[in-house]
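Shown here: final_39.txt, compact mmCIF, C-alpha atoms.
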```
# COMPACT_ATOMS: atom_id res chain seq x y z
CA MET A 1 0.94 30.34 41.68
CA LYS A 2 -2.38 28.87 42.71
CA ARG A 3 -3.96 31.04 45.38
CA GLU A 4 -5.45 29.27 48.36
CA ARG A 5 -7.99 30.69 50.75
CA LEU A 6 -7.10 31.21 54.38
CA LEU A 7 -10.63 30.22 55.30
CA ASP A 8 -10.07 26.73 53.87
CA ARG A 9 -7.22 26.23 56.36
CA LEU A 10 -9.43 27.00 59.34
CA SER A 11 -11.82 24.75 61.22
CA PRO A 12 -15.57 25.26 60.67
CA GLU A 13 -15.77 26.78 64.15
CA ALA A 14 -12.97 29.23 63.42
CA ARG A 15 -14.50 30.15 60.04
CA ALA A 16 -17.65 31.22 61.83
CA ALA A 17 -15.70 33.23 64.39
CA VAL A 18 -13.31 35.37 62.33
CA PRO A 19 -13.76 38.84 60.77
CA VAL A 20 -14.55 39.31 57.08
CA SER A 21 -10.91 40.09 56.19
CA TYR A 22 -10.14 36.40 56.88
CA HIS A 23 -12.80 35.36 54.35
CA LEU A 24 -10.96 37.20 51.58
CA ALA A 25 -7.34 36.43 52.50
CA GLU A 26 -5.42 34.34 50.00
CA SER A 27 -1.97 32.79 50.11
CA CYS A 28 0.86 35.12 49.17
CA GLU A 29 3.85 34.52 46.98
CA PRO A 30 6.97 34.17 49.07
CA ALA A 31 9.15 37.24 48.79
CA GLU A 32 12.38 36.66 46.94
CA ALA A 33 15.54 37.16 48.93
CA SER A 34 16.83 40.62 48.28
CA ALA A 35 20.23 42.05 49.01
CA VAL A 36 19.63 43.57 52.40
CA ARG A 37 21.91 43.93 55.33
CA SER A 38 21.35 42.66 58.78
CA ALA A 39 23.20 43.72 61.88
CA ASP A 40 22.42 42.55 65.33
CA SER A 41 23.61 43.50 68.75
CA ARG A 42 25.67 40.43 69.54
CA PHE A 43 28.57 41.46 71.69
CA TYR A 44 31.09 39.39 69.80
CA ARG A 45 30.42 41.38 66.64
CA SER A 46 30.94 44.76 68.16
CA SER A 47 33.09 46.65 70.54
CA GLY A 48 32.85 49.48 73.03
CA PHE A 49 29.33 49.44 74.37
CA GLU A 50 30.07 51.59 77.37
CA CYS A 51 29.51 55.30 77.00
CA LYS A 52 32.04 55.47 74.22
CA PRO A 53 31.33 55.79 70.54
CA PHE A 54 29.57 52.56 69.74
CA HIS A 55 30.90 50.75 66.72
CA LYS A 56 28.09 49.16 64.82
CA PRO A 57 28.55 45.47 64.25
CA ILE A 58 29.91 44.85 60.78
CA SER A 59 26.93 44.51 58.50
CA ARG A 60 26.44 41.07 57.10
CA PRO A 61 25.09 41.05 53.56
CA LEU A 62 22.27 38.59 52.86
CA GLY A 63 20.63 37.43 49.66
CA PRO A 64 21.92 36.69 46.20
CA GLU A 65 24.61 39.35 46.31
CA ALA A 66 26.09 38.08 49.52
CA PRO A 67 29.72 37.10 49.16
CA GLU A 68 30.43 33.44 49.53
CA LYS A 69 31.97 32.30 52.77
CA GLN A 70 35.74 32.10 52.66
CA MET B 1 24.38 58.31 74.20
CA ILE B 2 21.33 57.47 72.09
CA LEU B 3 19.48 54.27 72.90
CA ILE B 4 17.87 52.56 69.91
CA LEU B 5 15.08 50.12 70.70
CA SER B 6 14.55 47.91 67.69
CA GLN B 7 13.94 44.38 66.56
CA ALA B 8 16.66 42.10 65.27
CA ALA B 9 15.35 41.16 61.85
CA GLY B 10 14.04 43.09 58.88
CA GLU B 11 15.28 46.45 60.11
CA THR B 12 17.46 47.82 57.35
CA THR B 13 16.12 51.27 58.18
CA THR B 14 17.45 51.04 61.72
CA GLU B 15 20.84 50.08 60.35
CA ALA B 16 20.89 52.98 57.91
CA VAL B 17 20.18 55.40 60.78
CA MET B 18 22.97 53.72 62.75
CA ASP B 19 25.29 54.32 59.79
CA TRP B 20 24.49 58.04 59.93
CA LEU B 21 25.00 58.21 63.71
CA ASP B 22 28.28 56.41 63.18
CA ALA B 23 29.29 58.96 60.55
CA MET B 24 28.36 61.79 62.93
CA GLU B 25 30.43 60.08 65.64
CA VAL B 26 27.47 60.03 67.95
CA PRO B 27 27.57 57.23 70.53
CA PHE B 28 24.58 54.91 70.52
CA PHE B 29 23.49 51.53 71.74
CA ARG B 30 21.02 49.28 69.99
CA LEU B 31 18.87 46.92 71.99
CA ASN B 32 16.57 44.52 70.16
CA GLY B 33 13.35 43.29 71.73
CA GLU B 34 14.54 39.74 71.14
CA ASP B 35 17.51 40.43 73.40
CA LEU B 36 15.20 40.21 76.41
CA ASP B 37 14.66 36.56 75.56
CA GLY B 38 17.90 35.09 76.82
CA ALA B 39 17.16 31.68 75.31
CA VAL B 40 17.42 33.10 71.81
CA SER B 41 20.22 35.60 71.98
CA GLY B 42 22.20 34.47 74.98
CA MET B 43 21.76 38.04 76.09
CA GLY B 44 19.79 39.44 78.97
CA VAL B 45 19.01 42.78 80.48
CA GLU B 46 19.51 43.31 84.16
CA LEU B 47 18.07 46.28 85.95
CA SER B 48 19.87 47.11 89.11
CA GLY B 49 19.20 50.42 90.78
CA ARG B 50 19.72 53.04 88.09
CA GLU B 51 21.97 50.83 86.04
CA LEU B 52 20.92 48.97 82.96
CA ALA B 53 23.23 46.02 82.51
CA VAL B 54 23.38 43.92 79.39
CA THR B 55 24.56 40.43 80.21
CA PHE B 56 25.47 37.46 78.07
CA SER B 57 24.72 33.97 79.23
CA GLY B 58 27.58 31.50 79.27
CA THR B 59 30.22 34.20 79.52
CA ASP B 60 31.54 36.51 82.19
CA GLU B 61 30.74 39.50 80.02
CA ARG B 62 28.67 42.14 81.71
CA LEU B 63 28.40 45.40 79.91
CA GLY B 64 26.36 48.15 81.41
CA PHE B 65 25.63 51.80 81.41
CA PRO B 66 23.70 53.93 83.87
CA ALA B 67 20.29 55.13 82.75
CA GLU B 68 21.60 58.70 83.12
CA ALA B 69 24.00 58.13 80.24
CA VAL B 70 21.08 57.87 77.84
CA ALA B 71 20.27 61.30 76.41
CA ALA B 72 17.57 60.24 73.93
CA VAL B 73 15.67 57.11 72.96
CA TRP B 74 14.50 56.07 69.51
CA TYR B 75 11.66 53.58 69.69
CA ARG B 76 11.92 52.05 66.25
CA ARG B 77 10.12 48.74 66.83
CA TRP B 78 10.12 46.02 69.40
CA GLN B 79 9.68 42.30 68.93
CA ASP B 80 9.34 40.50 72.20
CA CYS B 81 7.86 37.04 71.90
CA ASP B 82 7.57 35.97 68.29
CA ARG B 83 9.58 32.81 68.98
CA PHE B 84 6.95 31.35 71.28
CA ALA B 85 4.22 31.33 68.65
CA SER B 86 5.84 28.47 66.76
CA LEU B 87 6.67 26.35 69.81
CA PRO B 88 4.60 23.21 70.38
CA MET B 89 3.40 24.03 73.85
CA LEU B 90 1.98 20.58 74.72
CA PRO B 91 2.87 17.00 73.83
CA PRO B 92 0.64 15.29 71.25
CA GLY B 93 -2.60 13.91 72.70
CA SER B 94 -2.89 16.45 75.52
CA PRO B 95 -6.45 17.38 76.42
CA ASP B 96 -7.67 20.79 75.29
CA PRO B 97 -4.35 21.78 73.65
CA GLY B 98 -5.76 24.90 72.00
CA ARG B 99 -6.96 26.50 75.22
CA VAL B 100 -3.80 25.69 77.21
CA ALA B 101 -1.40 26.72 74.43
CA SER B 102 -3.30 29.96 74.01
CA ALA B 103 -3.14 30.63 77.78
CA VAL B 104 0.62 29.97 77.83
CA LEU B 105 1.20 32.27 74.85
CA ASN B 106 -0.92 35.02 76.35
CA HIS B 107 0.94 34.74 79.63
CA LEU B 108 4.39 34.80 78.01
CA SER B 109 3.34 37.78 75.95
CA PHE B 110 2.05 39.57 79.04
CA GLU B 111 5.23 38.82 81.00
CA MET B 112 7.46 40.07 78.19
CA GLY B 113 5.25 43.12 77.84
CA ARG B 114 5.63 43.95 81.52
CA MET B 115 9.40 43.47 81.34
CA SER B 116 9.53 45.78 78.32
CA GLU B 117 7.43 48.40 80.14
CA LEU B 118 9.83 48.32 83.06
CA LEU B 119 12.77 48.77 80.73
CA PHE B 120 11.11 51.66 78.89
CA SER B 121 10.14 53.36 82.15
CA ARG B 122 13.84 53.65 83.01
CA PHE B 123 14.09 56.32 80.36
CA ALA B 124 10.89 58.21 81.04
CA GLY B 125 12.89 61.35 81.83
CA VAL B 126 14.66 61.65 78.48
CA PRO B 127 13.30 62.72 75.08
CA TRP B 128 11.96 59.92 72.89
CA LEU B 129 11.39 59.74 69.18
CA SER B 130 8.23 57.61 68.97
CA ASP B 131 6.63 56.34 72.11
CA PRO B 132 5.71 52.66 72.54
CA ALA B 133 2.46 53.72 74.20
CA ARG B 134 1.44 55.54 71.02
CA ALA B 135 2.93 53.13 68.49
CA SER B 136 -0.37 51.53 67.57
CA PRO B 137 -3.18 54.09 67.72
CA ASN B 138 -6.78 53.05 67.22
CA LYS B 139 -7.53 53.46 63.50
CA LEU B 140 -11.12 54.50 64.11
CA ARG B 141 -10.16 57.12 66.68
CA VAL B 142 -7.51 58.42 64.29
CA LEU B 143 -10.07 58.67 61.47
CA GLU B 144 -12.41 60.54 63.78
CA GLN B 145 -9.65 62.98 64.74
CA ALA B 146 -8.53 63.38 61.11
CA ALA B 147 -12.08 64.31 60.10
CA GLY B 148 -12.24 66.68 63.06
CA HIS B 149 -9.16 68.49 61.72
CA GLY B 150 -10.69 68.87 58.27
CA LEU B 151 -9.12 65.96 56.42
CA ASP B 152 -11.30 63.93 54.05
CA ILE B 153 -11.78 60.35 55.23
CA PRO B 154 -13.57 57.40 53.58
CA ALA B 155 -17.10 56.48 54.64
CA THR B 156 -16.52 53.83 57.31
CA LEU B 157 -18.66 51.17 58.96
CA VAL B 158 -17.98 48.55 61.61
CA THR B 159 -20.65 45.92 61.70
CA ALA B 160 -21.35 42.25 62.36
CA SER B 161 -24.37 42.12 60.06
CA ARG B 162 -24.54 41.25 56.35
CA GLU B 163 -27.71 43.30 56.00
CA GLU B 164 -25.89 46.39 57.29
CA VAL B 165 -23.12 45.79 54.77
CA GLU B 166 -25.66 45.54 51.97
CA ARG B 167 -27.24 48.85 52.99
CA PHE B 168 -23.79 50.50 53.25
CA ALA B 169 -22.80 49.18 49.81
CA ALA B 170 -26.07 50.44 48.32
CA ARG B 171 -25.09 53.95 49.47
CA HIS B 172 -21.37 53.86 48.68
CA GLY B 173 -20.81 51.26 45.95
CA PRO B 174 -17.91 48.78 46.13
CA LEU B 175 -16.32 48.43 49.55
CA ILE B 176 -13.06 47.31 51.07
CA THR B 177 -12.46 45.56 54.36
CA LYS B 178 -9.37 45.58 56.54
CA SER B 179 -8.40 44.90 60.14
CA ILE B 180 -9.67 47.28 62.78
CA GLY B 181 -6.31 46.91 64.49
CA GLU B 182 -3.18 45.65 62.78
CA PRO B 183 -3.02 43.31 59.78
CA GLU B 184 -1.88 39.83 60.81
CA MET B 185 0.22 37.24 58.99
CA PHE B 186 -0.30 33.49 59.24
CA PHE B 187 2.38 30.98 58.37
CA PHE B 188 1.56 27.40 57.41
CA GLU B 189 5.00 25.89 56.87
CA LYS B 190 5.87 27.24 53.39
CA ASP B 191 2.62 29.10 52.76
CA TYR B 192 1.70 32.36 54.31
CA PHE B 193 -1.39 34.51 54.39
CA MET B 194 -1.63 38.19 55.13
CA LEU B 195 -4.75 40.14 55.97
CA TYR B 196 -4.36 42.72 53.23
CA THR B 197 -7.01 45.29 52.46
CA ALA B 198 -9.47 43.37 50.27
CA GLU B 199 -12.28 44.44 47.96
CA VAL B 200 -15.82 43.51 48.96
CA GLY B 201 -18.16 43.54 45.98
CA PRO B 202 -21.67 42.12 45.61
CA PRO B 203 -20.47 38.48 45.20
CA GLU B 204 -18.35 38.68 48.37
CA ILE B 205 -21.23 40.26 50.30
CA ALA B 206 -23.59 37.54 49.10
CA ASP B 207 -21.15 34.91 50.38
CA LEU B 208 -21.06 36.37 53.89
CA PRO B 209 -22.91 34.66 56.72
CA GLU B 210 -25.79 36.62 58.17
CA ARG B 211 -23.77 37.45 61.31
CA PHE B 212 -19.99 37.54 61.66
CA PHE B 213 -17.22 38.92 63.85
CA PRO B 214 -17.37 42.75 63.86
CA SER B 215 -15.48 43.91 60.79
CA LEU B 216 -14.37 47.23 59.32
CA PHE B 217 -15.74 48.29 55.93
CA GLN B 218 -14.97 51.42 53.95
CA GLU B 219 -16.08 52.81 50.62
CA ARG B 220 -13.62 51.78 47.93
CA LEU B 221 -12.21 55.06 46.65
CA GLU B 222 -11.24 55.49 43.03
CA LYS B 223 -7.53 56.25 42.96
CA LYS B 224 -5.57 58.51 40.73
CA TYR B 225 -2.62 57.40 42.83
CA GLU B 226 -1.77 56.62 46.44
CA ILE B 227 0.38 58.86 48.59
CA ARG B 228 2.68 57.67 51.36
CA VAL B 229 3.84 60.52 53.56
CA PHE B 230 6.70 60.19 56.01
CA TYR B 231 6.24 62.83 58.68
CA LEU B 232 9.02 64.02 60.96
CA ASP B 233 9.12 67.04 63.23
CA GLY B 234 6.46 69.03 61.39
CA GLN B 235 7.77 68.24 57.93
CA CYS B 236 6.01 66.04 55.33
CA TYR B 237 8.00 63.88 52.91
CA PRO B 238 5.39 62.62 50.44
CA MET B 239 5.68 60.01 47.70
CA ALA B 240 3.09 59.16 45.03
CA ILE B 241 2.61 55.48 44.31
CA PHE B 242 1.03 54.58 40.97
CA SER B 243 -0.56 51.41 42.23
CA GLN B 244 -3.90 51.71 40.48
CA LEU B 245 -2.69 50.54 37.07
CA ASP B 246 -1.71 47.08 38.31
CA SER B 247 -4.53 44.71 39.26
CA GLN B 248 -2.26 43.11 41.87
CA THR B 249 -1.64 46.38 43.73
CA GLN B 250 -4.70 48.46 43.00
CA VAL B 251 -6.53 47.66 46.24
CA ASP B 252 -3.45 47.36 48.49
CA PHE B 253 -0.03 48.42 47.21
CA ARG B 254 1.61 46.15 49.80
CA ARG B 255 0.72 43.23 47.52
CA TYR B 256 3.99 44.17 45.87
CA ASN B 257 4.52 43.31 42.24
CA ARG B 258 8.17 42.42 42.46
CA THR B 259 8.51 41.74 38.74
CA ARG B 260 7.14 45.10 37.70
CA PRO B 261 7.14 47.37 40.76
CA ASN B 262 4.78 50.34 41.01
CA ARG B 263 6.21 53.63 39.82
CA THR B 264 6.98 55.88 42.79
CA VAL B 265 7.89 59.56 42.59
CA PRO B 266 8.39 62.48 45.00
CA TYR B 267 5.20 64.43 45.50
CA ARG B 268 4.30 67.89 46.70
CA LEU B 269 1.27 68.03 48.99
CA PRO B 270 -1.00 71.08 48.86
CA GLY B 271 -0.13 73.39 51.74
CA ASP B 272 -3.50 73.03 53.46
CA ILE B 273 -3.24 69.21 53.47
CA ALA B 274 0.28 69.36 54.92
CA GLU B 275 -0.97 71.75 57.60
CA LYS B 276 -3.90 69.50 58.49
CA ILE B 277 -1.54 66.53 58.72
CA ALA B 278 0.70 68.49 61.09
CA VAL B 279 -2.31 69.40 63.26
CA LEU B 280 -3.50 65.77 63.26
CA MET B 281 -0.05 64.47 64.21
CA ALA B 282 0.19 67.03 67.01
CA SER B 283 -3.22 66.00 68.33
CA LEU B 284 -2.11 62.36 68.28
CA GLU B 285 1.11 63.40 70.06
CA LEU B 286 3.16 61.87 67.26
CA GLU B 287 6.41 63.47 66.15
CA THR B 288 6.86 60.97 63.36
CA GLY B 289 4.85 58.46 61.38
CA SER B 290 3.94 57.14 57.96
CA LEU B 291 0.58 58.26 56.61
CA ASP B 292 -1.42 56.77 53.76
CA LEU B 293 -3.64 58.94 51.60
CA ILE B 294 -5.47 58.49 48.33
CA ARG B 295 -5.65 61.12 45.63
CA THR B 296 -9.00 60.64 43.91
CA PRO B 297 -9.65 61.41 40.24
CA ASP B 298 -11.80 64.38 41.35
CA GLY B 299 -8.80 65.89 43.16
CA ARG B 300 -9.50 65.04 46.81
CA HIS B 301 -6.75 63.92 49.19
CA VAL B 302 -8.39 61.29 51.40
CA PHE B 303 -6.62 60.25 54.58
CA LEU B 304 -6.64 56.52 55.35
CA GLU B 305 -4.40 55.84 58.34
CA VAL B 306 -1.11 56.54 60.10
CA ASN B 307 1.51 54.09 61.27
CA PRO B 308 3.77 55.73 63.88
CA ILE B 309 6.49 53.12 63.32
CA GLY B 310 6.06 52.48 59.61
CA GLN B 311 8.99 51.74 57.33
CA PHE B 312 10.37 54.77 55.55
CA GLY B 313 13.21 53.35 53.45
CA MET B 314 10.63 52.76 50.71
CA VAL B 315 9.99 56.54 50.63
CA SER B 316 13.54 57.67 51.28
CA ARG B 317 15.29 55.88 48.43
CA PRO B 318 13.05 56.56 45.41
CA CYS B 319 12.54 60.20 46.44
CA ASN B 320 16.13 60.97 47.51
CA TYR B 321 14.83 62.31 50.80
CA PHE B 322 17.72 60.88 52.89
CA LEU B 323 15.21 60.24 55.66
CA GLU B 324 17.60 58.03 57.60
CA ARG B 325 19.93 61.01 57.91
CA ARG B 326 17.06 63.24 58.98
CA VAL B 327 16.03 60.76 61.67
CA ALA B 328 19.63 60.57 62.90
CA GLU B 329 19.76 64.37 63.02
CA ALA B 330 16.43 64.50 64.88
CA LEU B 331 17.83 62.08 67.46
CA VAL B 332 20.95 64.18 67.89
CA ARG B 333 18.81 67.30 68.37
CA LYS B 334 16.79 65.48 71.03
CA ALA B 335 19.92 64.25 72.76
CA SER B 336 21.40 67.74 72.81
CA ARG B 337 18.27 69.06 74.53
CA ARG B 338 19.07 66.90 77.52
CA THR B 339 22.75 66.88 78.23
CA PRO B 340 23.27 63.96 80.56
CA SER B 341 25.76 63.97 83.36
CA LYS B 342 29.19 63.43 81.89
CA ALA B 343 29.12 60.03 80.30
CA SER B 344 32.71 59.34 81.28
CA ASP B 345 31.72 59.71 84.96
CA HIS B 346 29.45 56.74 84.61
CA GLU B 347 31.52 54.24 82.75
CA THR B 348 31.26 50.84 84.32
```
Rewrite the structure from the file as structure tokens, please.
Amino acid sequence: MKRERLLDRLSPEARAAVPVSYHLAESCEPAEASAVRSADSRFYRSSGFECKPFHKPISRPLGPEAPEKQ
Amino acid sequence: MILILSQAAGETTTEAVMDWLDAMEVPFFRLNGEDLDGAVSGMGVELSGRELAVTFSGTDERLGFPAEAVAAVWYRRWQDCDRFASLPMLPPGSPDPGRVASAVLNHLSFEMGRMSELLFSRFAGVPWLSDPARASPNKLRVLEQAAGHGLDIPATLVTASREEVERFAARHGPLITKSIGEPEMFFFEKDYFMLYTAEVGPPEIADLPERFFPSLFQERLEKKYEIRVFYLDGQCYPMAIFSQLDSQTQVDFRRYNRTRPNRTVPYRLPGDIAEKIAVLMASLELETGSLDLIRTPDGRHVFLEVNPIGQFGMVSRPCNYFLERRVAEALVRKASRRTPSKASDHET
């Protein structure tokens, strides 16, 4: 992957204004999707919010190991 | 009940702790920072008297619990206005779009910050694990305190002058630079840039303008290996990271080599270093955090920085520390210290 410099994406004015860490920043390789889980607090995916044992929303697998939708 | 303040995405650690609380049959409620932004989640938070109500737009659902029902709070992370950064704030051709867009973003950020503060203040009377007010300590102040407690720290300079950098490099050899505050990421459609720690050698110094924005420089320490320490309740859980053998990771291990990851192993810190870390964390009023150290070839343990809300799954799994369980247990201990009025009395 060809690395690009962040500084080249900035205007001349911005280049003169930013700290040195910007001068040395290069583009990063995008992270590959990994099999992680994600759970959010949507009410329709959970039950019993109120001072009762809270049931965590069912975890939804993401990434290459995620099961295909039925 | 334990209240977990988190962010919606990228929080597998939060979910693992929730799994443990679930297994312990401890009631908890997770609120993500994004949930305050009703336009994204369809969810809102209503504060009415002592009651915290969670509402969902477009439905009649209104679930709430009184603040007294919360026995402990875990401040994991909080994302409150990321969505706005990618919104086109003005139509094309508007005059001075940069200044206005920046003012709108700053204002939205400030408003969300104030709303978050109000929410957090509801639970000021209960024990917290991590405090939002101490989630992002000043790195330079932390270094100063670490040195004061006897920990080795790298020679450090903040300057806006190339000449100063040249003099500093003449004394200390190769340097690194990193953000004084937090590293930032920049997304340009498919490309992204991160302000990693970067090496500053003679060619990079020569390329610098004479004057620049004040920047942090440190001596570049030779590494035998890096050490990431997860700290919780006086206990250190250290992991050695052999990042120095890979050119991609040798300056900053977060430039992960995903094809050939760094070797990581459990590590035992010398007792005096663990003690100094405990003293430092106490002086920073931090019960938990992730610390970065470097073990130099001449045997020194050099402290770099602490992140009070750093990820710890990366230490837990390779070292079999079961940190998620330990965090869940710490939360339960905190909750048991303050027994709230009977939860069932407050059901809404």
Notebook entry, point to check: Using all atoms listed in the file, which of the listed residues (B:Arg325, B:Arg77, B:Arg114, B:Lys190) sits closest to A:Glu29?
Noted result: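 With all atoms listed in the file as the atom set, the closest residue is B:Lys190.
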B:Arg263 surroundings by all atoms listed in the file, 8 Å radius, close-in-sequence under 6 positions cut, as a CSV table (one decimal) with C-alpha atoms, in the frame of the given file:
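And here's selection-v6.csv as it stands now:
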```csv
chain,number,residue,atom,x,y,z
B,241,ILE,CA,2.6,55.5,44.3
B,242,PHE,CA,1.0,54.6,41.0
B,243,SER,CA,-0.6,51.4,42.2
```
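Distances from B:Trp78, B:Phe303, B:Phe230, B:Tyr267 to B:Val142 were compared using all atoms listed in the file, and the smallest one belongs to B:Phe303.
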Checklist line | Nearby residues (all atoms listed in the file) at most 12 Å from B:Gly271, same-chain spacing under 5 positions excluded, as JSON, numbers by chain | finding: {"B": [235, 236, 276, 277, 278, 301]}
Next item on the list: State, in Å with one decimal place, the distance from atom CA of B:His107 to atom CA of B:Arg141.
Entry: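 Between these atoms lies a distance of 28.1 Å.
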Next item on the list: Would you list the contacts of stretch 12-23 of chain A as an MDAnalysis selection string, taking every protein, DNA or RNA residue within 10 Å and counting only C-alpha atoms, but skipping same-chain residues closer than 5 positions in sequence?
Entry: (chainID A and resid 5:7) or (chainID B and resid 159:160 176:180 183:184 193:200 204:205 207:209 211:217)
Take the residues just selected and output them with C-alpha atoms as a PDB file, in the coordinates of the input.
```
ATOM      1  CA  ARG A   5      -7.990  30.690  50.750  1.00  0.00           C
ATOM      2  CA  LEU A   6      -7.100  31.210  54.380  1.00  0.00           C
ATOM      3  CA  LEU A   7     -10.630  30.220  55.300  1.00  0.00           C
TER       4      LEU A   7
ATOM      5  CA  THR B 159     -20.650  45.920  61.700  1.00  0.00           C
ATOM      6  CA  ALA B 160     -21.350  42.250  62.360  1.00  0.00           C
ATOM      7  CA  ILE B 176     -13.060  47.310  51.070  1.00  0.00           C
ATOM      8  CA  THR B 177     -12.460  45.560  54.360  1.00  0.00           C
ATOM      9  CA  LYS B 178      -9.370  45.580  56.540  1.00  0.00           C
ATOM     10  CA  SER B 179      -8.400  44.900  60.140  1.00  0.00           C
ATOM     11  CA  ILE B 180      -9.670  47.280  62.780  1.00  0.00           C
ATOM     12  CA  PRO B 183      -3.020  43.310  59.780  1.00  0.00           C
ATOM     13  CA  GLU B 184      -1.880  39.830  60.810  1.00  0.00           C
ATOM     14  CA  PHE B 193      -1.390  34.510  54.390  1.00  0.00           C
ATOM     15  CA  MET B 194      -1.630  38.190  55.130  1.00  0.00           C
ATOM     16  CA  LEU B 195      -4.750  40.140  55.970  1.00  0.00           C
ATOM     17  CA  TYR B 196      -4.360  42.720  53.230  1.00  0.00           C
ATOM     18  CA  THR B 197      -7.010  45.290  52.460  1.00  0.00           C
ATOM     19  CA  ALA B 198      -9.470  43.370  50.270  1.00  0.00           C
ATOM     20  CA  GLU B 199     -12.280  44.440  47.960  1.00  0.00           C
ATOM     21  CA  VAL B 200     -15.820  43.510  48.960  1.00  0.00           C
ATOM     22  CA  GLU B 204     -18.350  38.680  48.370  1.00  0.00           C
ATOM     23  CA  ILE B 205     -21.230  40.260  50.300  1.00  0.00           C
ATOM     24  CA  ASP B 207     -21.150  34.910  50.380  1.00  0.00           C
ATOM     25  CA  LEU B 208     -21.060  36.370  53.890  1.00  0.00           C
ATOM     26  CA  PRO B 209     -22.910  34.660  56.720  1.00  0.00           C
ATOM     27  CA  ARG B 211     -23.770  37.450  61.310  1.00  0.00           C
ATOM     28  CA  PHE B 212     -19.990  37.540  61.660  1.00  0.00           C
ATOM     29  CA  PHE B 213     -17.220  38.920  63.850  1.00  0.00           C
ATOM     30  CA  PRO B 214     -17.370  42.750  63.860  1.00  0.00           C
ATOM     31  CA  SER B 215     -15.480  43.910  60.790  1.00  0.00           C
ATOM     32  CA  LEU B 216     -14.370  47.230  59.320  1.00  0.00           C
ATOM     33  CA  PHE B 217     -15.740  48.290  55.930  1.00  0.00           C
TER      34      PHE B 217
END
```
Next item on the list: Quote the spacing between atom CA of B:Leu3 and atom CA of B:Ser283 in Å to one decimal place.
Entry: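 Distance between the two atoms: 26.0 Å.
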Check: Of the candidates B:Ala9, B:Leu175, B:Val165, B:Leu118, which one gets nearest to chain A if we count all atoms listed in the file?
Finding: B:Ala9
Margin query: Nearest residue to B:Val302 out of B:Gly181, B:Met89, B:Val126, B:Lys224, using only C-alpha atoms?
Written below: B:Lys224
Check: What is the atom CA of B:Ser130 to atom CA of B:Leu5 distance in Å?
Finding: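 For atom CA of B:Ser130 relative to atom CA of B:Leu5, the distance reads 10.3 Å.
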